[in-house]
>>> print(open('entry18.pdb').read())   # PDB, C-alpha atoms and all ligand atoms
MODEL        1
ATOM      1  CA  MET A1475      85.626  89.040 102.397
ATOM      2  CA  ALA A1476      89.109  89.696 103.714
ATOM      3  CA  GLU A1477      89.291  93.127 105.292
ATOM      4  CA  ASP A1478      93.058  93.269 105.444
ATOM      5  CA  LEU A1479      94.806  94.972 102.601
ATOM      6  CA  VAL A1480      98.135  93.537 101.516
ATOM      7  CA  ILE A1481     100.552  96.328 100.633
ATOM      8  CA  ILE A1482     103.567  95.133  98.692
ATOM      9  CA  GLU A1483     106.946  96.787  98.275
ATOM     10  CA  GLY A1484     107.629  97.633  94.655
ATOM     11  CA  THR A1485     107.027 100.038  91.830
ATOM     12  CA  ARG A1486     103.767 101.880  91.506
ATOM     13  CA  ALA A1487     102.800  99.610  88.584
ATOM     14  CA  GLU A1488     103.407  96.557  90.778
ATOM     15  CA  LYS A1489     101.342  98.107  93.550
ATOM     16  CA  TYR A1490      98.420  98.699  91.151
ATOM     17  CA  ALA A1491      98.732  95.087  89.940
ATOM     18  CA  SER A1492      98.572  93.830  93.527
ATOM     19  CA  LEU A1493      95.739  96.184  94.481
ATOM     20  CA  TYR A1494      93.392  95.360  91.610
ATOM     21  CA  PRO A1495      92.396  91.793  92.629
ATOM     22  CA  GLN A1496      92.076  92.977  96.229
ATOM     23  CA  ILE A1497      89.591  95.623  95.124
ATOM     24  CA  GLN A1498      87.728  92.968  93.138
ATOM     25  CA  SER A1499      87.355  90.876  96.277
ATOM     26  CA  LEU A1500      86.386  93.892  98.387
ATOM     27  CA  LEU A1501      83.506  94.508  95.949
ATOM     28  CA  ALA A1502      82.483  90.884  95.570
ATOM     29  CA  GLY A1503      78.997  90.232  96.949
ATOM     30  CA  GLU A1504      78.392  93.843  98.040
ATOM     31  CA  THR A1505      75.915  95.948  96.064
ATOM     32  CA  ASP A1506      75.810  99.156  98.108
ATOM     33  CA  LYS A1507      77.522 101.789  95.987
ATOM     34  CA  TYR A1508      78.586 103.980  98.924
ATOM     35  CA  ALA A1509      80.095 101.017 100.770
ATOM     36  CA  ASN A1510      81.986  99.970  97.649
ATOM     37  CA  LEU A1511      83.193 103.461  96.725
ATOM     38  CA  ALA A1512      84.262 104.009 100.337
ATOM     39  CA  ASN A1513      86.382 100.871 100.302
ATOM     40  CA  ILE A1514      87.925 101.746  96.933
ATOM     41  CA  ALA A1515      88.889 105.214  98.197
ATOM     42  CA  ALA A1516      90.295 103.728 101.408
ATOM     43  CA  ALA A1517      92.261 101.011  99.610
ATOM     44  CA  VAL A1518      93.864 103.385  97.108
ATOM     45  CA  HIS A1519      94.634 105.883  99.859
ATOM     46  CA  GLU A1520      96.149 103.217 102.092
ATOM     47  CA  VAL A1521      98.357 101.732  99.367
ATOM     48  CA  PHE A1522      99.700 104.966  97.870
ATOM     49  CA  GLY A1523      99.263 107.501 100.653
ATOM     50  CA  PHE A1524      98.000 110.197  98.311
ATOM     51  CA  PHE A1525      96.863 113.432  99.962
ATOM     52  CA  TRP A1526      93.216 113.083  98.912
ATOM     53  CA  VAL A1527      91.373 110.217  97.221
ATOM     54  CA  GLY A1528      87.647 110.286  96.586
ATOM     55  CA  PHE A1529      84.569 110.444  94.447
ATOM     56  CA  TYR A1530      82.197 113.122  93.232
ATOM     57  CA  LEU A1531      78.874 111.708  92.060
ATOM     58  CA  THR A1532      76.637 113.208  89.394
ATOM     59  CA  LYS A1533      73.557 114.380  91.231
ATOM     60  CA  GLU A1534      71.071 117.257  90.900
ATOM     61  CA  ASN A1535      72.926 118.648  87.864
ATOM     62  CA  GLN A1536      76.267 118.949  89.596
ATOM     63  CA  LEU A1537      79.075 116.881  91.104
ATOM     64  CA  VAL A1538      78.438 116.109  94.758
ATOM     65  CA  LEU A1539      81.053 114.854  97.204
ATOM     66  CA  GLY A1540      80.903 111.125  97.875
ATOM     67  CA  PRO A1541      83.113 108.707  99.811
ATOM     68  CA  PHE A1542      86.681 109.923 100.244
ATOM     69  CA  GLN A1543      89.833 109.704 102.336
ATOM     70  CA  GLY A1544      91.751 112.834 103.252
ATOM     71  CA  PRO A1545      91.034 116.342 104.469
ATOM     72  CA  VAL A1546      87.542 117.842 104.250
ATOM     73  CA  ALA A1547      86.694 118.980 100.718
ATOM     74  CA  CYS A1548      84.332 121.121  98.634
ATOM     75  CA  THR A1549      80.917 119.447  98.627
ATOM     76  CA  ARG A1550      79.493 120.599  95.285
ATOM     77  CA  ILE A1551      81.209 121.287  91.965
ATOM     78  CA  PRO A1552      79.330 122.672  88.932
ATOM     79  CA  PHE A1553      79.765 120.539  85.785
ATOM     80  CA  HIS A1554      81.860 123.191  84.055
ATOM     81  CA  LYS A1555      84.169 124.031  86.999
ATOM     82  CA  GLY A1556      87.580 122.780  88.046
ATOM     83  CA  VAL A1557      89.526 119.700  87.072
ATOM     84  CA  CYS A1558      86.584 117.529  88.102
ATOM     85  CA  GLY A1559      84.228 119.500  85.868
ATOM     86  CA  HIS A1560      86.708 119.207  83.001
ATOM     87  CA  ALA A1561      86.766 115.414  83.368
ATOM     88  CA  TYR A1562      82.976 115.459  83.491
ATOM     89  CA  THR A1563      82.498 117.560  80.351
ATOM     90  CA  THR A1564      85.241 115.951  78.239
ATOM     91  CA  LYS A1565      84.449 112.413  79.510
ATOM     92  CA  GLU A1566      88.186 111.845  79.618
ATOM     93  CA  THR A1567      90.863 111.417  82.257
ATOM     94  CA  VAL A1568      92.515 114.712  83.176
ATOM     95  CA  LEU A1569      96.105 114.606  84.414
ATOM     96  CA  VAL A1570      97.315 117.843  85.980
ATOM     97  CA  PRO A1571     101.036 117.943  86.891
ATOM     98  CA  ASP A1572     100.737 121.409  88.451
ATOM     99  CA  VAL A1573      97.335 122.497  89.694
ATOM    100  CA  GLU A1574      98.443 126.158  89.786
ATOM    101  CA  ALA A1575      98.822 125.995  86.015
ATOM    102  CA  PHE A1576      95.352 124.588  85.383
ATOM    103  CA  PRO A1577      92.894 127.401  84.640
ATOM    104  CA  GLY A1578      89.881 127.140  86.936
ATOM    105  CA  HIS A1579      91.368 124.582  89.281
ATOM    106  CA  ILE A1580      89.351 124.509  92.499
ATOM    107  CA  ALA A1581      91.709 124.607  95.462
ATOM    108  CA  CYS A1582      89.992 122.627  98.200
ATOM    109  CA  ALA A1583      93.332 122.455  99.999
ATOM    110  CA  SER A1584      96.454 124.534  99.443
ATOM    111  CA  ALA A1585      98.655 121.476 100.011
ATOM    112  CA  SER A1586      97.394 119.904  96.798
ATOM    113  CA  LYS A1587     100.004 120.240  94.037
ATOM    114  CA  SER A1588      99.029 117.734  91.338
ATOM    115  CA  GLU A1589      95.861 115.920  90.483
ATOM    116  CA  ILE A1590      94.284 113.217  88.325
ATOM    117  CA  VAL A1591      90.557 112.924  87.705
ATOM    118  CA  LEU A1592      88.926 109.980  85.931
ATOM    119  CA  PRO A1593      85.287 109.831  84.816
ATOM    120  CA  ALA A1594      83.176 106.666  85.052
ATOM    121  CA  ILE A1595      80.765 106.468  82.139
ATOM    122  CA  VAL A1596      77.670 104.266  82.140
ATOM    123  CA  ASN A1597      75.265 104.236  79.169
ATOM    124  CA  GLY A1598      77.042 107.292  77.780
ATOM    125  CA  GLU A1599      76.624 109.367  80.944
ATOM    126  CA  VAL A1600      79.263 110.284  83.522
ATOM    127  CA  VAL A1601      77.964 108.817  86.787
ATOM    128  CA  LEU A1602      80.920 109.928  88.907
ATOM    129  CA  VAL A1603      84.483 111.187  88.797
ATOM    130  CA  PHE A1604      87.353 109.657  90.761
ATOM    131  CA  ASP A1605      89.608 112.454  92.021
ATOM    132  CA  LEU A1606      93.108 112.002  93.427
ATOM    133  CA  ASP A1607      95.273 114.813  94.757
ATOM    134  CA  SER A1608      98.935 114.710  95.673
ATOM    135  CA  ASP A1609     101.004 117.102  97.749
ATOM    136  CA  GLN A1610     103.884 116.516  95.287
ATOM    137  CA  LEU A1611     104.178 118.223  91.906
ATOM    138  CA  ALA A1612     103.760 115.925  88.871
ATOM    139  CA  ASP A1613     103.087 112.926  91.064
ATOM    140  CA  PHE A1614     100.729 111.179  88.629
ATOM    141  CA  SER A1615     101.755 109.544  85.378
ATOM    142  CA  GLU A1616     100.387 107.165  82.776
ATOM    143  CA  VAL A1617     101.093 104.345  85.220
ATOM    144  CA  ASP A1618      98.536 105.837  87.601
ATOM    145  CA  GLN A1619      96.182 106.557  84.742
ATOM    146  CA  GLN A1620      96.291 102.921  83.581
ATOM    147  CA  GLY A1621      96.004 101.480  87.090
ATOM    148  CA  LEU A1622      93.140 103.765  88.039
ATOM    149  CA  GLU A1623      91.312 103.318  84.719
ATOM    150  CA  LYS A1624      91.153  99.574  85.420
ATOM    151  CA  ILE A1625      89.419 100.384  88.700
ATOM    152  CA  ILE A1626      87.088 102.759  86.850
ATOM    153  CA  ARG A1627      86.190  99.931  84.400
ATOM    154  CA  LEU A1628      85.232  97.794  87.427
ATOM    155  CA  ILE A1629      82.970 100.554  88.729
ATOM    156  CA  GLU A1630      81.390 101.025  85.284
ATOM    157  CA  GLU A1631      80.729  97.282  84.906
ATOM    158  CA  SER A1632      79.178  97.031  88.365
ATOM    159  CA  TRP A1633      77.309 100.326  88.482
ATOM    160  CA  THR A1634      73.856  99.209  87.339
ATOM    161  CA  SER A1635      73.853  96.312  89.795
ATOM    162  CA  TRP A1636      74.729  98.617  92.695
ATOM    163  CA  VAL A1637      72.046 100.361  94.722
TER     164      VAL A1637
HETATM  165  N1  LIG B   1      90.616 120.252  92.755
HETATM  166  C1  LIG B   1      89.335 119.770  92.317
HETATM  167  C2  LIG B   1      88.289 119.960  93.382
HETATM  168  C3  LIG B   1      88.115 118.808  94.288
HETATM  169  S1  LIG B   1      89.296 118.640  95.450
HETATM  170  O1  LIG B   1      90.620 118.561  94.877
HETATM  171  C4  LIG B   1      89.033 117.376  96.487
HETATM  172  C5  LIG B   1      88.934 120.450  91.045
HETATM  173  O2  LIG B   1      89.586 121.402  90.592
HETATM  174  O3  LIG B   1      87.934 120.043  90.451
ENDMDL
END
>>> encode(input="entry18.pdb", output="structure tokens")
Amino acid sequence: MAEDLVIIEGTRAEKYASLYPQIQSLLAGETDKYANLANIAAAVHEVFGFFWVGFYLTKENQLVLGPFQGPVACTRIPFHKGVCGHAYTTKETVLVPDVEAFPGHIACASASKSEIVLPAIVNGEVVLVFDLDSDQLADFSEVDQQGLEKIIRLIEESWTSWV
């Protein structure tokens, strides 16, 4: 496995297109879910420089902090709380242009201004949410949603073979 990430100049869509096969090769042959989620968080963080990039895993009836890159964060989120909880309960991607305007948003860091949270669903159950925070307002768009959902599909396809 190549451990060097190639970061191209270009639009965000082009960066997602370049990142995707690199994530595929980072995951190839590795079945440890924490190792793989850690590398996904690191790769996305390194390419885009978002403020916070990480995972909350469904565990013990709540969302529990998993691998991430960025400042320290809340460790446990109830299923019905925050943007992460909303993604968990609706089983849909939640795009929040202004976190101050999202009722119940959990402010782990005051620098966070916009957020996108994507659920990974395996056998009908949300196994984790992928949470990205930006220190810019309205930083995430459908381009991010599409690029990140492709990564989520990879996680969903691999999940049962990971330990
Ligand atoms: N803002 C999230 C909490 C997690 S942190 O952003 C890392 C939420 O409202 O669910």
>>> residues_near_ligand(input="entry18.pdb", ligand="ligand LIG 1 (chain B)", cutoff="9 Å", atoms="only C-alpha atoms and all ligand atoms", output="PyMOL selection string")
chain A and resi 1526-1530+1539+1542+1544-1551+1555-1561+1573+1576+1578-1583+1586+1588-1589+1591+1605-1607
>>> residues_around(input="entry18.pdb", residues="segment 1600-1602 of chain A", least_positions_apart="6", cutoff="10 Å", atoms="all atoms listed in the file", output="short mmCIF file (atom, residue, chain, number, x, y, z; two decimals) with C-alpha atoms, in the coordinates of the input")
data_model
loop_
_atom_site.label_atom_id
_atom_site.label_comp_id
_atom_site.auth_asym_id
_atom_site.auth_seq_id
_atom_site.Cartn_x
_atom_site.Cartn_y
_atom_site.Cartn_z
CA PHE A 1529 84.57 110.44 94.45
CA TYR A 1530 82.20 113.12 93.23
CA LEU A 1531 78.87 111.71 92.06
CA THR A 1532 76.64 113.21 89.39
CA LYS A 1533 73.56 114.38 91.23
CA LEU A 1537 79.08 116.88 91.10
CA VAL A 1538 78.44 116.11 94.76
CA LEU A 1539 81.05 114.85 97.20
CA GLY A 1540 80.90 111.12 97.88
CA CYS A 1558 86.58 117.53 88.10
CA ALA A 1561 86.77 115.41 83.37
CA TYR A 1562 82.98 115.46 83.49
CA THR A 1563 82.50 117.56 80.35
CA THR A 1564 85.24 115.95 78.24
CA LYS A 1565 84.45 112.41 79.51
CA GLU A 1566 88.19 111.84 79.62
CA LEU A 1592 88.93 109.98 85.93
CA PRO A 1593 85.29 109.83 84.82
CA ALA A 1594 83.18 106.67 85.05
CA ILE A 1626 87.09 102.76 86.85
CA ILE A 1629 82.97 100.55 88.73
CA GLU A 1630 81.39 101.02 85.28
CA TRP A 1633 77.31 100.33 88.48
#
>>> resolve_selection(input="entry18.pdb", expression="the PyMOL selection byres (((chain A and resi 1480-1494) around 9) and not hetatm)", output="list in words")
Asp1478, Leu1479, Pro1495, Gln1496, Ile1497, Gln1498, Ser1499, Ala1517, Val1518, Glu1520, Val1521, Phe1522, Val1617, Asp1618, Gln1620, Gly1621, Leu1622, Lys1624 and Ile1625 of chain A
>>> atom_distance(input="entry18.pdb", atom1="atom CA of Ala1612 of chain A", atom2="atom CA of Thr1567 of chain A")
15.2 Å
>>> atom_distance(input="entry18.pdb", atom1="atom CA of Glu1631 of chain A", atom2="atom CA of Phe1525 of chain A")
27.3 Å
>>> closest_residue(input="entry18.pdb", among="A:Phe1553, A:Gly1523, A:Trp1636, A:Lys1587", to="Gln1536 of chain A", atoms="all atoms listed in the file")
A:Phe1553
>>> atom_distance(input="entry18.pdb", atom1="atom CA of Ala1575 of chain A", atom2="atom CA of Ala1515 of chain A")
26.1 Å
>>> closest_residue(input="entry18.pdb", among="A:Leu1501, A:Ser1632, A:Pro1541, A:Ala1509", to="Phe1604 of chain A", atoms="all atoms listed in the file")
A:Pro1541
>>> closest_residue(input="entry18.pdb", among="A:Ala1512, A:Gly1503, A:Glu1574, A:Ile1590", to="Phe1614 of chain A", atoms="only C-alpha atoms")
A:Ile1590
>>> closest_residue(input="entry18.pdb", among="A:Glu1599, A:Gln1543, A:Val1570, A:Asn1535", to="Ile1514 of chain A", atoms="all atoms listed in the file")
A:Gln1543
>>> axis_aligned_box(input="entry18.pdb", around="segment 1581-1591 of chain A", padding_each_side="4 Å", output="AutoDock Vina command-line options")
--center_x 95.0 --center_y 118.8 --center_z 93.9 --size_x 18.0 --size_y 19.7 --size_z 20.3
>>> closest_residue(input="entry18.pdb", among="A:Asp1506, A:Glu1534, A:Thr1634, A:Glu1477", to="Asn1597 of chain A", atoms="all atoms listed in the file")
A:Thr1634
>>> closest_residue(input="entry18.pdb", among="A:Ala1585, A:Leu1628, A:Leu1611, A:Val1596", to="Leu1511 of chain A", atoms="only C-alpha atoms")
A:Leu1628
>>> decode(input="entry18.pdb", residues="segment 1502-1513 of chain A", atoms="all heavy atoms", output="PDB file, in the first residue's frame")
ATOM      1  N   ALA A1502      -7.469  -1.382   0.706  1.00  0.00           N
ATOM      2  CA  ALA A1502      -7.250  -2.705   0.114  1.00  0.00           C
ATOM      3  C   ALA A1502      -6.399  -3.581   1.021  1.00  0.00           C
ATOM      4  O   ALA A1502      -5.313  -3.181   1.456  1.00  0.00           O
ATOM      5  CB  ALA A1502      -6.590  -2.551  -1.249  1.00  0.00           C
ATOM      6  N   GLY A1503      -6.907  -4.774   1.342  1.00  0.00           N
ATOM      7  CA  GLY A1503      -6.132  -5.743   2.113  1.00  0.00           C
ATOM      8  C   GLY A1503      -6.119  -5.498   3.612  1.00  0.00           C
ATOM      9  O   GLY A1503      -5.502  -6.249   4.357  1.00  0.00           O
ATOM     10  N   GLU A1504      -6.792  -4.435   4.076  1.00  0.00           N
ATOM     11  CA  GLU A1504      -6.821  -4.166   5.524  1.00  0.00           C
ATOM     12  C   GLU A1504      -8.264  -4.360   6.015  1.00  0.00           C
ATOM     13  O   GLU A1504      -9.191  -3.810   5.435  1.00  0.00           O
ATOM     14  CB  GLU A1504      -6.371  -2.726   5.807  1.00  0.00           C
ATOM     15  CG  GLU A1504      -6.426  -2.329   7.275  1.00  0.00           C
ATOM     16  CD  GLU A1504      -5.666  -3.299   8.173  1.00  0.00           C
ATOM     17  OE1 GLU A1504      -4.438  -3.390   8.057  1.00  0.00           O
ATOM     18  OE2 GLU A1504      -6.324  -3.997   8.990  1.00  0.00           O
ATOM     19  N   THR A1505      -8.434  -5.147   7.065  1.00  0.00           N
ATOM     20  CA  THR A1505      -9.791  -5.423   7.542  1.00  0.00           C
ATOM     21  C   THR A1505     -10.075  -4.807   8.913  1.00  0.00           C
ATOM     22  O   THR A1505     -11.167  -4.974   9.439  1.00  0.00           O
ATOM     23  CB  THR A1505     -10.049  -6.941   7.636  1.00  0.00           C
ATOM     24  OG1 THR A1505      -9.054  -7.502   8.490  1.00  0.00           O
ATOM     25  CG2 THR A1505     -10.011  -7.594   6.269  1.00  0.00           C
ATOM     26  N   ASP A1506      -9.120  -4.097   9.485  1.00  0.00           N
ATOM     27  CA  ASP A1506      -9.397  -3.494  10.798  1.00  0.00           C
ATOM     28  C   ASP A1506     -10.180  -2.200  10.598  1.00  0.00           C
ATOM     29  O   ASP A1506      -9.698  -1.259   9.954  1.00  0.00           O
ATOM     30  CB  ASP A1506      -8.104  -3.212  11.559  1.00  0.00           C
ATOM     31  CG  ASP A1506      -8.398  -2.737  12.960  1.00  0.00           C
ATOM     32  OD1 ASP A1506      -8.662  -1.528  13.145  1.00  0.00           O
ATOM     33  OD2 ASP A1506      -8.421  -3.580  13.875  1.00  0.00           O
ATOM     34  N   LYS A1507     -11.380  -2.159  11.162  1.00  0.00           N
ATOM     35  CA  LYS A1507     -12.250  -1.001  10.874  1.00  0.00           C
ATOM     36  C   LYS A1507     -11.682   0.304  11.430  1.00  0.00           C
ATOM     37  O   LYS A1507     -11.787   1.346  10.802  1.00  0.00           O
ATOM     38  CB  LYS A1507     -13.684  -1.240  11.346  1.00  0.00           C
ATOM     39  CG  LYS A1507     -13.897  -1.281  12.831  1.00  0.00           C
ATOM     40  CD  LYS A1507     -15.377  -1.168  13.181  1.00  0.00           C
ATOM     41  CE  LYS A1507     -16.142  -2.415  12.863  1.00  0.00           C
ATOM     42  NZ  LYS A1507     -16.605  -3.141  14.071  1.00  0.00           N
ATOM     43  N   TYR A1508     -11.022   0.257  12.585  1.00  0.00           N
ATOM     44  CA  TYR A1508     -10.480   1.503  13.144  1.00  0.00           C
ATOM     45  C   TYR A1508      -9.304   2.009  12.318  1.00  0.00           C
ATOM     46  O   TYR A1508      -9.157   3.205  12.102  1.00  0.00           O
ATOM     47  CB  TYR A1508     -10.106   1.326  14.621  1.00  0.00           C
ATOM     48  CG  TYR A1508     -11.349   1.306  15.482  1.00  0.00           C
ATOM     49  CD1 TYR A1508     -11.966   0.109  15.834  1.00  0.00           C
ATOM     50  CD2 TYR A1508     -11.952   2.499  15.883  1.00  0.00           C
ATOM     51  CE1 TYR A1508     -13.135   0.100  16.571  1.00  0.00           C
ATOM     52  CE2 TYR A1508     -13.121   2.502  16.622  1.00  0.00           C
ATOM     53  CZ  TYR A1508     -13.713   1.303  16.972  1.00  0.00           C
ATOM     54  OH  TYR A1508     -14.873   1.306  17.693  1.00  0.00           O
ATOM     55  N   ALA A1509      -8.474   1.076  11.843  1.00  0.00           N
ATOM     56  CA  ALA A1509      -7.358   1.479  10.971  1.00  0.00           C
ATOM     57  C   ALA A1509      -7.910   2.119   9.696  1.00  0.00           C
ATOM     58  O   ALA A1509      -7.421   3.174   9.251  1.00  0.00           O
ATOM     59  CB  ALA A1509      -6.510   0.262  10.632  1.00  0.00           C
ATOM     60  N   ASN A1510      -8.922   1.497   9.116  1.00  0.00           N
ATOM     61  CA  ASN A1510      -9.460   2.016   7.855  1.00  0.00           C
ATOM     62  C   ASN A1510     -10.177   3.355   8.042  1.00  0.00           C
ATOM     63  O   ASN A1510      -9.994   4.285   7.255  1.00  0.00           O
ATOM     64  CB  ASN A1510     -10.391   0.982   7.224  1.00  0.00           C
ATOM     65  CG  ASN A1510      -9.602  -0.178   6.635  1.00  0.00           C
ATOM     66  OD1 ASN A1510      -8.454  -0.001   6.213  1.00  0.00           O
ATOM     67  ND2 ASN A1510     -10.196  -1.354   6.607  1.00  0.00           N
ATOM     68  N   LEU A1511     -10.979   3.454   9.103  1.00  0.00           N
ATOM     69  CA  LEU A1511     -11.684   4.728   9.338  1.00  0.00           C
ATOM     70  C   LEU A1511     -10.677   5.833   9.663  1.00  0.00           C
ATOM     71  O   LEU A1511     -10.852   6.988   9.252  1.00  0.00           O
ATOM     72  CB  LEU A1511     -12.709   4.575  10.464  1.00  0.00           C
ATOM     73  CG  LEU A1511     -13.873   3.601  10.184  1.00  0.00           C
ATOM     74  CD1 LEU A1511     -14.744   3.459  11.429  1.00  0.00           C
ATOM     75  CD2 LEU A1511     -14.712   4.044   8.987  1.00  0.00           C
ATOM     76  N   ALA A1512      -9.618   5.476  10.370  1.00  0.00           N
ATOM     77  CA  ALA A1512      -8.588   6.471  10.704  1.00  0.00           C
ATOM     78  C   ALA A1512      -7.927   7.002   9.433  1.00  0.00           C
ATOM     79  O   ALA A1512      -7.722   8.217   9.283  1.00  0.00           O
ATOM     80  CB  ALA A1512      -7.544   5.849  11.636  1.00  0.00           C
ATOM     81  N   ASN A1513      -7.619   6.118   8.512  1.00  0.00           N
ATOM     82  CA  ASN A1513      -6.994   6.571   7.270  1.00  0.00           C
ATOM     83  C   ASN A1513      -7.959   7.371   6.398  1.00  0.00           C
ATOM     84  O   ASN A1513      -7.536   8.320   5.730  1.00  0.00           O
ATOM     85  CB  ASN A1513      -6.419   5.378   6.490  1.00  0.00           C
ATOM     86  CG  ASN A1513      -4.924   5.232   6.715  1.00  0.00           C
ATOM     87  OD1 ASN A1513      -4.256   6.157   7.170  1.00  0.00           O
ATOM     88  ND2 ASN A1513      -4.389   4.064   6.399  1.00  0.00           N
TER      89      ASN A1513
END
